[in-house]
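Structure file start_8.csv with CSV, C-alpha atoms:
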```
chain,number,residue,atom,x,y,z
A,1,MET,CA,150.4,163.8,131.9
A,2,ASP,CA,152.0,162.6,135.2
A,3,SER,CA,151.6,164.2,138.6
A,4,THR,CA,154.9,166.1,138.3
A,5,GLY,CA,153.9,167.9,135.1
A,6,ALA,CA,150.4,168.6,136.4
A,7,ARG,CA,151.9,170.0,139.6
A,8,SER,CA,154.1,172.4,137.6
A,9,VAL,CA,151.1,173.7,135.7
A,10,LEU,CA,149.2,174.4,139.0
A,11,ARG,CA,152.3,176.0,140.5
A,12,ARG,CA,152.7,178.4,137.5
A,13,PHE,CA,149.1,179.4,137.7
A,14,SER,CA,149.2,179.9,141.4
A,15,ASP,CA,152.4,182.1,141.1
A,16,ALA,CA,150.7,184.2,138.4
A,17,TRP,CA,147.5,184.6,140.4
A,18,PHE,CA,149.2,185.7,143.7
A,19,ALA,CA,151.6,188.0,141.8
A,20,ALA,CA,148.6,189.8,140.2
A,21,ALA,CA,146.8,190.0,143.6
A,22,LYS,CA,149.9,191.6,145.1
A,23,ARG,CA,150.2,194.2,142.3
A,24,ARG,CA,146.5,195.1,142.8
A,25,ARG,CA,146.9,195.5,146.5
A,26,ASP,CA,149.8,197.9,145.8
A,27,GLY,CA,147.6,200.0,143.7
A,28,ASP,CA,148.3,198.7,140.2
A,29,LEU,CA,144.7,198.3,138.9
A,30,SER,CA,146.0,197.3,135.4
A,31,ALA,CA,147.1,193.9,136.7
A,32,ARG,CA,144.8,191.1,135.5
A,33,PHE,CA,144.3,187.6,137.0
A,34,PRO,CA,145.3,184.6,134.8
A,35,ARG,CA,141.7,183.6,133.8
A,36,ARG,CA,142.2,183.3,130.1
A,37,ARG,CA,141.6,179.8,128.7
A,38,ARG,CA,144.7,178.4,127.0
A,39,GLY,CA,145.1,175.3,124.9
A,40,LEU,CA,148.8,174.9,125.5
A,41,VAL,CA,150.6,175.7,128.7
A,42,PRO,CA,154.3,175.2,129.7
A,43,VAL,CA,155.0,172.0,131.6
A,44,ARG,CA,158.1,171.5,133.7
A,45,TRP,CA,159.9,168.4,134.9
A,46,TYR,CA,162.6,168.4,137.5
A,47,HIS,CA,165.9,166.5,138.0
A,48,GLY,CA,165.2,162.8,138.5
A,49,THR,CA,161.9,162.7,136.7
A,50,PHE,CA,163.2,162.7,133.1
A,51,THR,CA,165.9,160.9,131.2
A,52,LEU,CA,168.3,162.6,128.8
A,53,ASN,CA,170.2,160.5,126.3
A,54,GLY,CA,172.1,162.5,123.7
A,55,ARG,CA,169.4,164.2,121.6
A,56,ARG,CA,166.6,162.0,123.0
A,57,LEU,CA,164.6,163.1,126.0
A,58,ARG,CA,162.2,160.8,127.8
A,59,ILE,CA,159.4,162.6,129.5
A,60,PRO,CA,157.3,160.7,132.2
A,61,THR,CA,153.6,160.1,131.5
A,62,ALA,CA,150.7,158.9,133.6
A,63,LYS,CA,150.6,155.3,134.9
A,64,GLY,CA,149.6,152.9,132.2
A,65,SER,CA,150.5,155.3,129.3
A,66,PRO,CA,153.4,154.6,127.0
A,67,ALA,CA,156.6,156.5,127.5
A,68,PHE,CA,157.0,159.8,125.6
A,69,TRP,CA,160.4,160.2,123.8
A,70,LEU,CA,161.2,163.7,122.4
A,71,ARG,CA,163.9,164.1,119.7
A,72,LEU,CA,165.8,167.3,120.0
A,73,ALA,CA,167.0,169.4,117.0
A,74,ARG,CA,170.5,169.8,118.3
A,75,ASP,CA,172.8,168.8,121.2
A,76,LEU,CA,172.4,170.6,124.5
A,77,PRO,CA,175.2,173.0,125.3
A,78,TYR,CA,175.5,171.5,128.8
A,79,PRO,CA,176.5,168.0,130.0
A,80,SER,CA,173.5,165.8,131.0
A,81,GLU,CA,174.6,165.7,134.6
A,82,GLN,CA,174.3,169.5,134.9
A,83,VAL,CA,170.7,169.7,133.7
A,84,ARG,CA,168.3,170.4,136.6
A,85,ALA,CA,165.0,171.0,134.9
A,86,VAL,CA,163.3,170.9,131.4
A,87,THR,CA,160.3,172.8,130.4
A,88,LEU,CA,158.2,171.9,127.3
A,89,LEU,CA,156.5,174.9,125.8
A,90,CYS,CA,154.9,176.2,122.6
A,91,GLU,CA,156.3,179.5,121.5
A,92,ARG,CA,154.9,181.2,118.4
A,93,GLY,CA,153.7,177.9,116.8
A,94,ARG,CA,156.9,176.0,117.5
A,95,LEU,CA,157.5,173.3,120.1
A,96,SER,CA,160.5,174.3,122.2
A,97,LEU,CA,162.4,172.9,125.1
A,98,ASP,CA,163.7,175.2,127.8
A,99,VAL,CA,166.6,173.7,129.8
A,100,SER,CA,167.8,174.9,133.2
A,101,ALA,CA,171.3,173.7,134.1
A,102,GLU,CA,173.8,174.2,136.9
A,103,VAL,CA,176.8,176.0,135.5
A,104,PRO,CA,179.9,176.7,137.6
A,105,VAL,CA,181.3,180.2,137.9
A,106,ALA,CA,184.5,180.7,135.8
A,107,THR,CA,187.8,180.3,137.6
A,108,TYR,CA,191.0,182.3,136.7
A,109,PRO,CA,194.7,181.9,137.5
A,110,ALA,CA,196.1,184.0,140.4
A,111,GLY,CA,196.3,187.6,139.4
A,112,GLU,CA,194.3,187.3,136.2
A,113,GLY,CA,190.7,187.2,137.4
A,114,PRO,CA,188.3,190.2,137.8
A,115,ASP,CA,189.4,192.7,140.3
A,116,PRO,CA,186.7,194.2,142.6
A,117,SER,CA,188.5,197.5,142.7
A,118,ARG,CA,188.2,198.0,139.0
A,119,VAL,CA,184.7,199.5,138.2
A,120,ALA,CA,183.1,200.1,134.8
A,121,GLY,CA,179.9,202.0,134.0
A,122,VAL,CA,177.3,200.7,131.6
A,123,ASP,CA,174.7,202.9,129.9
A,124,LEU,CA,171.7,201.2,128.1
A,125,GLY,CA,170.2,202.6,125.0
A,126,VAL,CA,168.4,201.9,121.7
A,127,ILE,CA,171.1,203.0,119.3
A,128,HIS,CA,173.8,201.5,121.4
A,129,PRO,CA,172.4,198.6,123.6
A,130,TYR,CA,175.5,198.8,125.8
A,131,ALA,CA,178.0,201.7,126.2
A,132,VAL,CA,180.7,200.9,128.6
A,133,ALA,CA,183.3,203.3,130.2
A,134,GLY,CA,186.0,201.3,132.0
A,135,PRO,CA,189.1,202.1,134.0
A,136,ALA,CA,192.4,203.4,132.4
A,137,GLY,CA,190.4,205.6,129.9
A,138,GLU,CA,189.0,202.7,127.8
A,139,GLY,CA,185.5,202.5,126.5
A,140,LEU,CA,183.3,200.2,124.5
A,141,LEU,CA,180.4,201.0,122.1
A,142,VAL,CA,178.1,198.1,120.9
A,143,SER,CA,176.0,199.3,118.0
A,144,GLY,CA,172.4,198.0,117.8
A,145,ARG,CA,171.3,199.7,114.5
A,146,ALA,CA,170.8,196.3,112.9
A,147,VAL,CA,168.4,195.3,115.7
A,148,ARG,CA,166.5,198.5,115.3
A,149,ALA,CA,166.3,198.0,111.6
A,150,GLU,CA,165.0,194.5,112.2
A,151,HIS,CA,162.2,195.9,114.4
A,152,ARG,CA,161.4,198.6,111.8
A,153,MET,CA,161.2,196.2,108.9
A,154,HIS,CA,159.2,193.6,110.8
A,155,LEU,CA,156.6,196.2,111.7
A,156,ALA,CA,156.4,197.3,108.0
A,157,ASP,CA,156.0,193.7,106.9
A,158,SER,CA,153.3,193.0,109.5
A,159,LYS,CA,151.3,196.1,108.4
A,160,ALA,CA,151.5,195.0,104.8
A,161,ARG,CA,150.3,191.5,105.6
A,162,ARG,CA,147.3,192.9,107.6
A,163,ARG,CA,146.3,195.2,104.7
A,164,ALA,CA,146.5,192.3,102.3
A,165,VAL,CA,144.1,190.1,104.3
A,166,ALA,CA,141.9,192.7,105.8
A,167,ARG,CA,139.0,192.0,103.4
A,168,ARG,CA,138.8,188.3,104.1
A,169,ALA,CA,139.3,188.6,107.9
A,170,PRO,CA,136.4,186.9,109.8
A,171,LYS,CA,134.0,189.1,111.7
A,172,PRO,CA,133.9,189.0,115.5
A,173,GLY,CA,132.3,185.7,116.5
A,174,GLN,CA,132.6,184.3,113.0
A,175,ARG,CA,134.6,181.1,112.4
A,176,GLY,CA,137.6,181.6,110.3
A,177,SER,CA,138.2,179.7,107.0
A,178,ARG,CA,141.1,177.4,106.2
A,179,ARG,CA,142.9,180.1,104.3
A,180,TRP,CA,142.6,182.4,107.4
A,181,ARG,CA,144.1,179.7,109.6
A,182,GLN,CA,147.0,179.3,107.2
A,183,HIS,CA,147.5,183.0,107.3
A,184,ARG,CA,147.5,183.1,111.1
A,185,ARG,CA,149.9,180.2,111.2
A,186,ARG,CA,152.3,182.0,108.9
A,187,ALA,CA,152.0,185.1,111.0
A,188,ARG,CA,153.0,183.2,114.1
A,189,LEU,CA,156.0,181.6,112.4
A,190,VAL,CA,157.2,185.0,111.2
A,191,GLU,CA,156.7,186.6,114.6
A,192,GLY,CA,158.6,183.8,116.3
A,193,ARG,CA,161.5,184.1,113.8
A,194,HIS,CA,161.7,187.8,114.5
A,195,ARG,CA,161.8,187.3,118.2
A,196,ARG,CA,164.6,184.7,117.9
A,197,ARG,CA,166.7,187.0,115.8
A,198,VAL,CA,166.4,189.9,118.2
A,199,ARG,CA,167.1,187.6,121.2
A,200,GLN,CA,170.3,186.2,119.6
A,201,ALA,CA,171.5,189.8,118.8
A,202,GLN,CA,170.9,190.7,122.5
A,203,HIS,CA,172.9,187.8,123.7
A,204,GLU,CA,175.8,188.7,121.3
A,205,ALA,CA,175.8,192.2,122.6
A,206,ALA,CA,176.0,191.1,126.2
A,207,ALA,CA,178.7,188.5,125.5
A,208,THR,CA,180.7,191.3,123.9
A,209,VAL,CA,180.5,193.5,127.0
A,210,VAL,CA,181.4,190.6,129.4
A,211,SER,CA,184.4,189.5,127.3
A,212,TRP,CA,185.6,193.1,127.1
A,213,ALA,CA,185.3,193.4,130.9
A,214,VAL,CA,187.1,190.1,131.5
A,215,ARG,CA,190.1,191.1,129.4
A,216,ARG,CA,190.4,194.3,131.4
A,217,ARG,CA,189.9,192.6,134.7
A,218,VAL,CA,186.8,194.6,135.6
A,219,GLY,CA,185.2,193.2,138.7
A,220,VAL,CA,182.2,195.4,139.2
A,221,LEU,CA,179.7,196.7,136.6
A,222,HIS,CA,177.6,199.7,137.5
A,223,VAL,CA,174.6,199.6,135.2
A,224,GLY,CA,172.2,202.5,134.9
A,225,ASP,CA,168.6,201.4,135.4
A,226,PRO,CA,166.3,203.3,132.9
A,227,ARG,CA,163.1,201.4,133.6
A,228,GLY,CA,161.5,204.5,135.1
A,229,VAL,CA,160.9,205.9,131.6
A,230,LEU,CA,158.4,203.1,130.9
A,231,ASP,CA,155.9,204.8,133.1
A,232,ILE,CA,156.0,208.0,131.1
A,233,ALA,CA,153.4,208.3,128.3
A,234,ALA,CA,155.2,209.8,125.3
A,235,GLY,CA,152.8,208.9,122.4
A,236,ARG,CA,152.1,205.7,120.6
A,237,ARG,CA,155.2,205.9,118.4
A,238,HIS,CA,157.7,206.5,121.2
A,239,ASN,CA,155.9,204.0,123.5
A,240,LEU,CA,156.4,201.3,120.8
A,241,ARG,CA,160.1,202.1,120.6
A,242,LEU,CA,160.4,201.7,124.4
A,243,ARG,CA,158.6,198.4,124.4
A,244,GLN,CA,160.9,197.1,121.6
A,245,TRP,CA,163.9,198.2,123.6
A,246,GLN,CA,163.3,195.4,126.1
A,247,ILE,CA,165.2,196.9,129.0
A,248,GLY,CA,164.5,194.1,131.5
A,249,ARG,CA,165.7,191.4,129.1
A,250,LEU,CA,169.0,193.4,128.4
A,251,LEU,CA,169.6,193.7,132.2
A,252,GLN,CA,168.8,190.0,132.8
A,253,ILE,CA,171.1,188.7,130.0
A,254,LEU,CA,174.0,191.0,131.1
A,255,THR,CA,173.6,189.9,134.7
A,256,ASP,CA,173.5,186.2,133.9
A,257,LYS,CA,176.6,186.3,131.7
A,258,ALA,CA,178.5,188.6,134.1
A,259,THR,CA,177.7,186.3,137.1
A,260,LEU,CA,179.1,183.3,135.2
A,261,ALA,CA,182.3,185.3,134.5
A,262,GLY,CA,182.7,186.2,138.2
A,263,ILE,CA,181.7,189.9,137.7
A,264,THR,CA,179.3,191.7,140.1
A,265,VAL,CA,176.5,193.8,138.6
A,266,ARG,CA,175.0,196.6,140.5
A,267,LEU,CA,172.0,198.8,139.4
A,268,VAL,CA,172.4,202.5,140.0
A,269,ASP,CA,170.3,205.6,139.2
A,270,GLU,CA,171.0,206.9,135.8
A,271,ARG,CA,168.9,210.1,135.9
A,272,GLY,CA,170.7,213.1,134.3
A,273,THR,CA,173.8,211.2,133.2
A,274,SER,CA,173.1,211.9,129.4
A,275,SER,CA,172.2,215.6,129.9
A,276,THR,CA,174.8,216.7,132.5
A,277,CYS,CA,178.3,218.0,131.6
A,278,PRO,CA,180.9,215.9,133.4
A,279,VAL,CA,183.3,218.9,133.6
A,280,CYS,CA,181.2,221.8,134.9
A,281,HIS,CA,178.2,219.7,136.1
A,282,ARG,CA,175.6,221.9,134.4
A,283,ARG,CA,172.5,220.8,132.5
A,284,VAL,CA,173.0,220.5,128.7
A,285,PRO,CA,170.2,220.8,126.2
A,286,LYS,CA,169.3,217.5,124.6
A,287,PRO,CA,171.6,216.9,121.7
A,288,ARG,CA,170.3,216.0,118.3
A,289,GLY,CA,172.9,213.3,117.6
A,290,ARG,CA,175.3,211.2,119.6
A,291,SER,CA,177.6,214.0,120.5
A,292,LEU,CA,177.2,216.0,123.7
A,293,SER,CA,178.4,219.6,123.5
A,294,CYS,CA,178.3,221.9,126.6
A,295,PRO,CA,177.6,225.5,125.7
A,296,HIS,CA,179.1,226.7,129.1
A,297,CYS,CA,182.6,225.1,129.1
A,298,GLN,CA,182.9,224.0,125.5
A,299,PHE,CA,183.2,220.3,126.4
A,300,SER,CA,182.4,217.8,123.7
A,301,GLY,CA,182.2,214.0,123.8
A,302,HIS,CA,180.1,211.0,123.0
A,303,ARG,CA,176.8,211.2,124.7
A,304,ASP,CA,176.5,207.5,125.7
A,305,LEU,CA,180.1,207.3,126.9
A,306,VAL,CA,179.7,210.4,129.0
A,307,ALA,CA,176.7,208.8,130.6
A,308,ALA,CA,178.5,205.5,131.2
A,309,ALA,CA,181.5,207.4,132.8
A,310,SER,CA,179.1,209.2,135.2
A,311,ILE,CA,177.3,205.9,136.0
A,312,ALA,CA,180.6,204.3,137.0
A,313,THR,CA,181.1,206.9,139.7
A,314,ARG,CA,177.7,206.5,141.3
A,315,SER,CA,176.8,204.1,144.1
A,316,PRO,CA,173.8,201.8,144.4
A,317,GLY,CA,170.9,203.4,146.2
A,318,GLY,CA,172.5,206.9,145.9
A,319,GLY,CA,171.0,210.0,144.6
A,320,PRO,CA,171.3,211.4,141.1
A,321,THR,CA,174.4,213.5,141.9
A,322,THR,CA,177.5,213.4,139.8
A,323,PRO,CA,180.9,213.5,141.7
A,324,ALA,CA,183.5,216.1,140.9
A,325,ALA,CA,186.0,213.7,139.1
A,326,VAL,CA,184.7,211.8,136.1
A,327,ALA,CA,187.2,209.9,133.9
A,328,LEU,CA,186.1,209.9,130.3
A,329,PRO,CA,187.2,207.2,127.9
A,330,GLU,CA,190.0,208.1,125.5
A,331,VAL,CA,190.4,204.7,123.7
A,332,VAL,CA,187.0,203.5,122.4
A,333,THR,CA,186.3,200.0,120.9
A,334,HIS,CA,183.4,199.7,118.5
A,335,ARG,CA,181.5,196.5,118.0
A,336,ARG,CA,178.2,195.5,116.2
A,337,ALA,CA,175.4,193.3,117.4
A,338,GLY,CA,173.2,191.4,115.0
A,339,ARG,CA,175.5,190.4,112.1
A,340,HIS,CA,173.3,187.3,111.5
A,341,LEU,CA,170.3,189.5,110.6
A,342,PRO,CA,169.4,189.6,106.9
A,343,GLY,CA,171.1,192.4,105.0
A,344,ALA,CA,173.5,193.3,107.8
A,345,GLY,CA,176.9,194.4,106.4
A,346,ARG,CA,179.9,196.3,107.4
A,347,SER,CA,179.3,199.5,105.6
A,348,ARG,CA,175.6,200.1,105.7
A,349,ARG,CA,174.3,202.2,108.6
A,350,ASP,CA,170.8,200.8,108.4
A,351,PRO,CA,171.3,197.3,107.0
A,352,ARG,CA,167.7,196.5,106.0
A,353,ARG,CA,166.8,199.8,104.4
A,354,PRO,CA,167.2,199.9,100.6
A,355,ALA,CA,170.0,202.0,99.2
A,356,LEU,CA,168.9,205.5,98.0
A,357,THR,CA,169.4,205.9,94.3
A,358,ALA,CA,168.3,208.7,91.9
A,359,ARG,CA,165.2,207.9,89.8
A,360,GLY,CA,166.3,206.9,86.4
A,361,SER,CA,169.9,206.4,87.4
A,362,VAL,CA,171.9,204.1,85.2
A,363,GLY,CA,174.3,203.0,88.0
A,364,PRO,CA,177.3,204.4,89.8
A,365,ARG,CA,179.1,207.3,88.2
A,366,ARG,CA,182.5,206.7,86.6
A,367,PRO,CA,185.5,209.1,86.7
A,368,ALA,CA,185.8,211.7,84.1
A,369,PRO,CA,188.1,210.9,81.1
A,370,PRO,CA,191.6,212.5,81.0
A,371,HIS,CA,192.2,215.5,78.7
A,372,SER,CA,194.4,213.4,76.4
A,373,TRP,CA,191.3,211.7,74.9
A,374,GLY,CA,190.4,214.9,73.0
A,375,VAL,CA,187.3,217.0,73.1
A,376,ALA,CA,185.7,216.5,69.7
A,377,ARG,CA,183.5,213.4,69.5
A,378,SER,CA,180.7,212.2,67.3
A,379,LYS,CA,177.0,212.4,68.2
A,380,GLY,CA,175.8,209.7,70.5
A,381,GLU,CA,179.2,208.6,71.7
A,382,ASP,CA,179.7,208.0,75.4
A,383,PRO,CA,182.0,210.8,76.8
A,384,GLN,CA,183.1,208.6,79.7
A,385,ARG,CA,184.3,205.7,77.4
A,386,PRO,CA,187.9,205.9,76.1
A,387,PRO,CA,188.3,205.9,72.2
A,388,GLU,CA,189.0,202.6,70.6
A,389,THR,CA,192.6,202.0,69.6
A,390,ARG,CA,193.2,201.0,66.0
```
Starting from the file, give its structure as structure tokens.
Amino acid sequence: MDSTGARSVLRRFSDAWFAAAKRRRDGDLSARFPRRRRGLVPVRWYHGTFTLNGRRLRIPTAKGSPAFWLRLARDLPYPSEQVRAVTLLCERGRLSLDVSAEVPVATYPAGEGPDPSRVAGVDLGVIHPYAVAGPAGEGLLVSGRAVRAEHRMHLADSKARRRAVARRAPKPGQRGSRRWRQHRRRARLVEGRHRRRVRQAQHEAAATVVSWAVRRRVGVLHVGDPRGVLDIAAGRRHNLRLRQWQIGRLLQILTDKATLAGITVRLVDERGTSSTCPVCHRRVPKPRGRSLSCPHCQFSGHRDLVAAASIATRSPGGGPTTPAAVALPEVVTHRRAGRHLPGAGRSRRDPRRPALTARGSVGPRRPAPPHSWGVARSKGEDPQRPPETR
């Protein structure tokens, strides 16, 4: 390793140490210092220290050592002159290359770019990763049921694998066998594949929101920040759902893509937006489904779109008050994220859950025969099959 790579390792360790020290000074005693011994750590090289030639990357090494050439699996999405840094890391048993590039902000013809006076509200959720309420009574719902099903099926598969190998698992302090190492390698590969699938679906959902906003010339996105719910202990099941939600990553992905498109993202307080009626401004009991119904003024609407419309009227740093006038979407566009996931289709609500069929069923039912076939039939003859013509 050359001095540039070694310096990047020390800088990463120093940043992690001082960040943990700052959190502990602020009262967060759960923060831990980076004292764990690691076999593989990320190494970064900056512009001017590496050479990129198509799918081949030359990484500098120590003086007197041969040059290290790394062959990439596919072409980079950026020109080589825009690449500013590369990071070599091992993620879930796979050697990966993280590329940082300088990408210019999109430019538009006069009168066709994002308008700062047009504001849209974005509500984050589990069922719908992004629910957007824009100007002119338009809305967008991005369904994330396929992503939730991927999390659910991956958890079931992980439990089944652990039960299968529980007997031959090594005891604490005991060295594992070759079979156990193969099992651990397979588990890391499956875990990495699951993370990549979910990450791709999150990028697809954010790209859908940004493209929808660009077509409607939305210049500002008010995004509700729900990260306060992570500090509330709600049981192990619900806490797992919140961790799988990955709120910070959804916010970061949406912010990056919106910035490249020339759209400003502002975080606002989203407290009470999903449980407050936008008409009479009174608290509404938590609905069971996705529809919000007010028992006081008989208002009814989609719960996530109502929250997004209320978020659009709030200002950054303001309190959890809802203004008097809230424009609700009248034309809603529905999109789905995660079509690349296994089993995802157009008609299945939960794409990875098997279809429910009756026990002993012979298949789908066929329509009843017309009355012209007659009533009298011999024993053992199928009543849904038409008589043979002679």
Counting all atoms listed in the file, which of A:Phe299, A:Trp69, A:Phe33, A:Tyr130 gets nearest to Thr333 (chain A)?
A:Tyr130
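Proximity to Leu97 (chain A) was assessed for A:Val43, A:His128, A:His203, A:Arg243 counting all atoms listed in the file; the smallest distance is recorded for A:Val43.
Near region 211-225 of chain A, within 6 Å and counting all atoms listed in the file, sit Pro114, Asp115, Pro116, Arg118, Val119, Ala120, Gly121, Val122, Asp123, Ile263, Thr264, Val265, Arg266, Leu267, Val268, Asp269, Glu270 and Ala312 of chain A, not including residues fewer than 4 positions from it in the same chain.
The list of residues with at least one atom within 10 Å of Pro79 (chain A), based on all atoms listed in the file and without residues fewer than 2 positions apart in the same chain, reads Leu52, Gly54, Asp75, Leu76, Pro77, Glu81, Gln82, Val83, Ala101, Glu102 and Val103 of chain A.
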Residue nearest Ala187 (chain A) among A:Leu292, A:Val86, A:Ala201, A:Val165 (counting only C-alpha atoms)
A:Val165
In Å, how far is it from CA of Ser100 (chain A) to CA of Ala207 (chain A)?
19.1 Å
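With all atoms listed in the file as the atoms that count, the residue of A:Leu40, A:Ala136, A:Gly111, A:Leu240 with the shortest distance to Arg152 (chain A) is A:Leu240.
In this model, the gap between CA of Thr51 (chain A) and CA of Thr87 (chain A) comes to 13.2 Å.
CA of Leu341 (chain A) sits 10.8 Å away from CA of Arg193 (chain A).
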Extract, using only C-alpha atoms, all DNA, RNA and protein residues at most 12 Å from Arg241 (chain A), discarding same-chain residues fewer than 3 positions from it, and format them as a PDB file with C-alpha atoms, in the coordinates of the input.
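Listed below is the output, part_0.pdb:
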```pdb
ATOM      1  CA  GLY A 125     170.200 202.600 125.000  1.00  0.00           C
ATOM      2  CA  VAL A 126     168.400 201.900 121.700  1.00  0.00           C
ATOM      3  CA  ILE A 127     171.100 203.000 119.300  1.00  0.00           C
ATOM      4  CA  VAL A 147     168.400 195.300 115.700  1.00  0.00           C
ATOM      5  CA  ARG A 148     166.500 198.500 115.300  1.00  0.00           C
ATOM      6  CA  ALA A 149     166.300 198.000 111.600  1.00  0.00           C
ATOM      7  CA  HIS A 151     162.200 195.900 114.400  1.00  0.00           C
ATOM      8  CA  ARG A 152     161.400 198.600 111.800  1.00  0.00           C
ATOM      9  CA  LEU A 155     156.600 196.200 111.700  1.00  0.00           C
ATOM     10  CA  VAL A 229     160.900 205.900 131.600  1.00  0.00           C
ATOM     11  CA  LEU A 230     158.400 203.100 130.900  1.00  0.00           C
ATOM     12  CA  ALA A 233     153.400 208.300 128.300  1.00  0.00           C
ATOM     13  CA  ALA A 234     155.200 209.800 125.300  1.00  0.00           C
ATOM     14  CA  GLY A 235     152.800 208.900 122.400  1.00  0.00           C
ATOM     15  CA  ARG A 236     152.100 205.700 120.600  1.00  0.00           C
ATOM     16  CA  ARG A 237     155.200 205.900 118.400  1.00  0.00           C
ATOM     17  CA  HIS A 238     157.700 206.500 121.200  1.00  0.00           C
ATOM     18  CA  GLN A 244     160.900 197.100 121.600  1.00  0.00           C
ATOM     19  CA  TRP A 245     163.900 198.200 123.600  1.00  0.00           C
ATOM     20  CA  GLN A 246     163.300 195.400 126.100  1.00  0.00           C
ATOM     21  CA  ILE A 247     165.200 196.900 129.000  1.00  0.00           C
TER      22      ILE A 247
END
```
Give as a ChimeraX atom specification each residue that has an atom at most 9 Å from (169.3, 190.1, 112.9) in the file, counting all atoms listed in the file.
/A:146-147,149-150,194,196-201,337-344
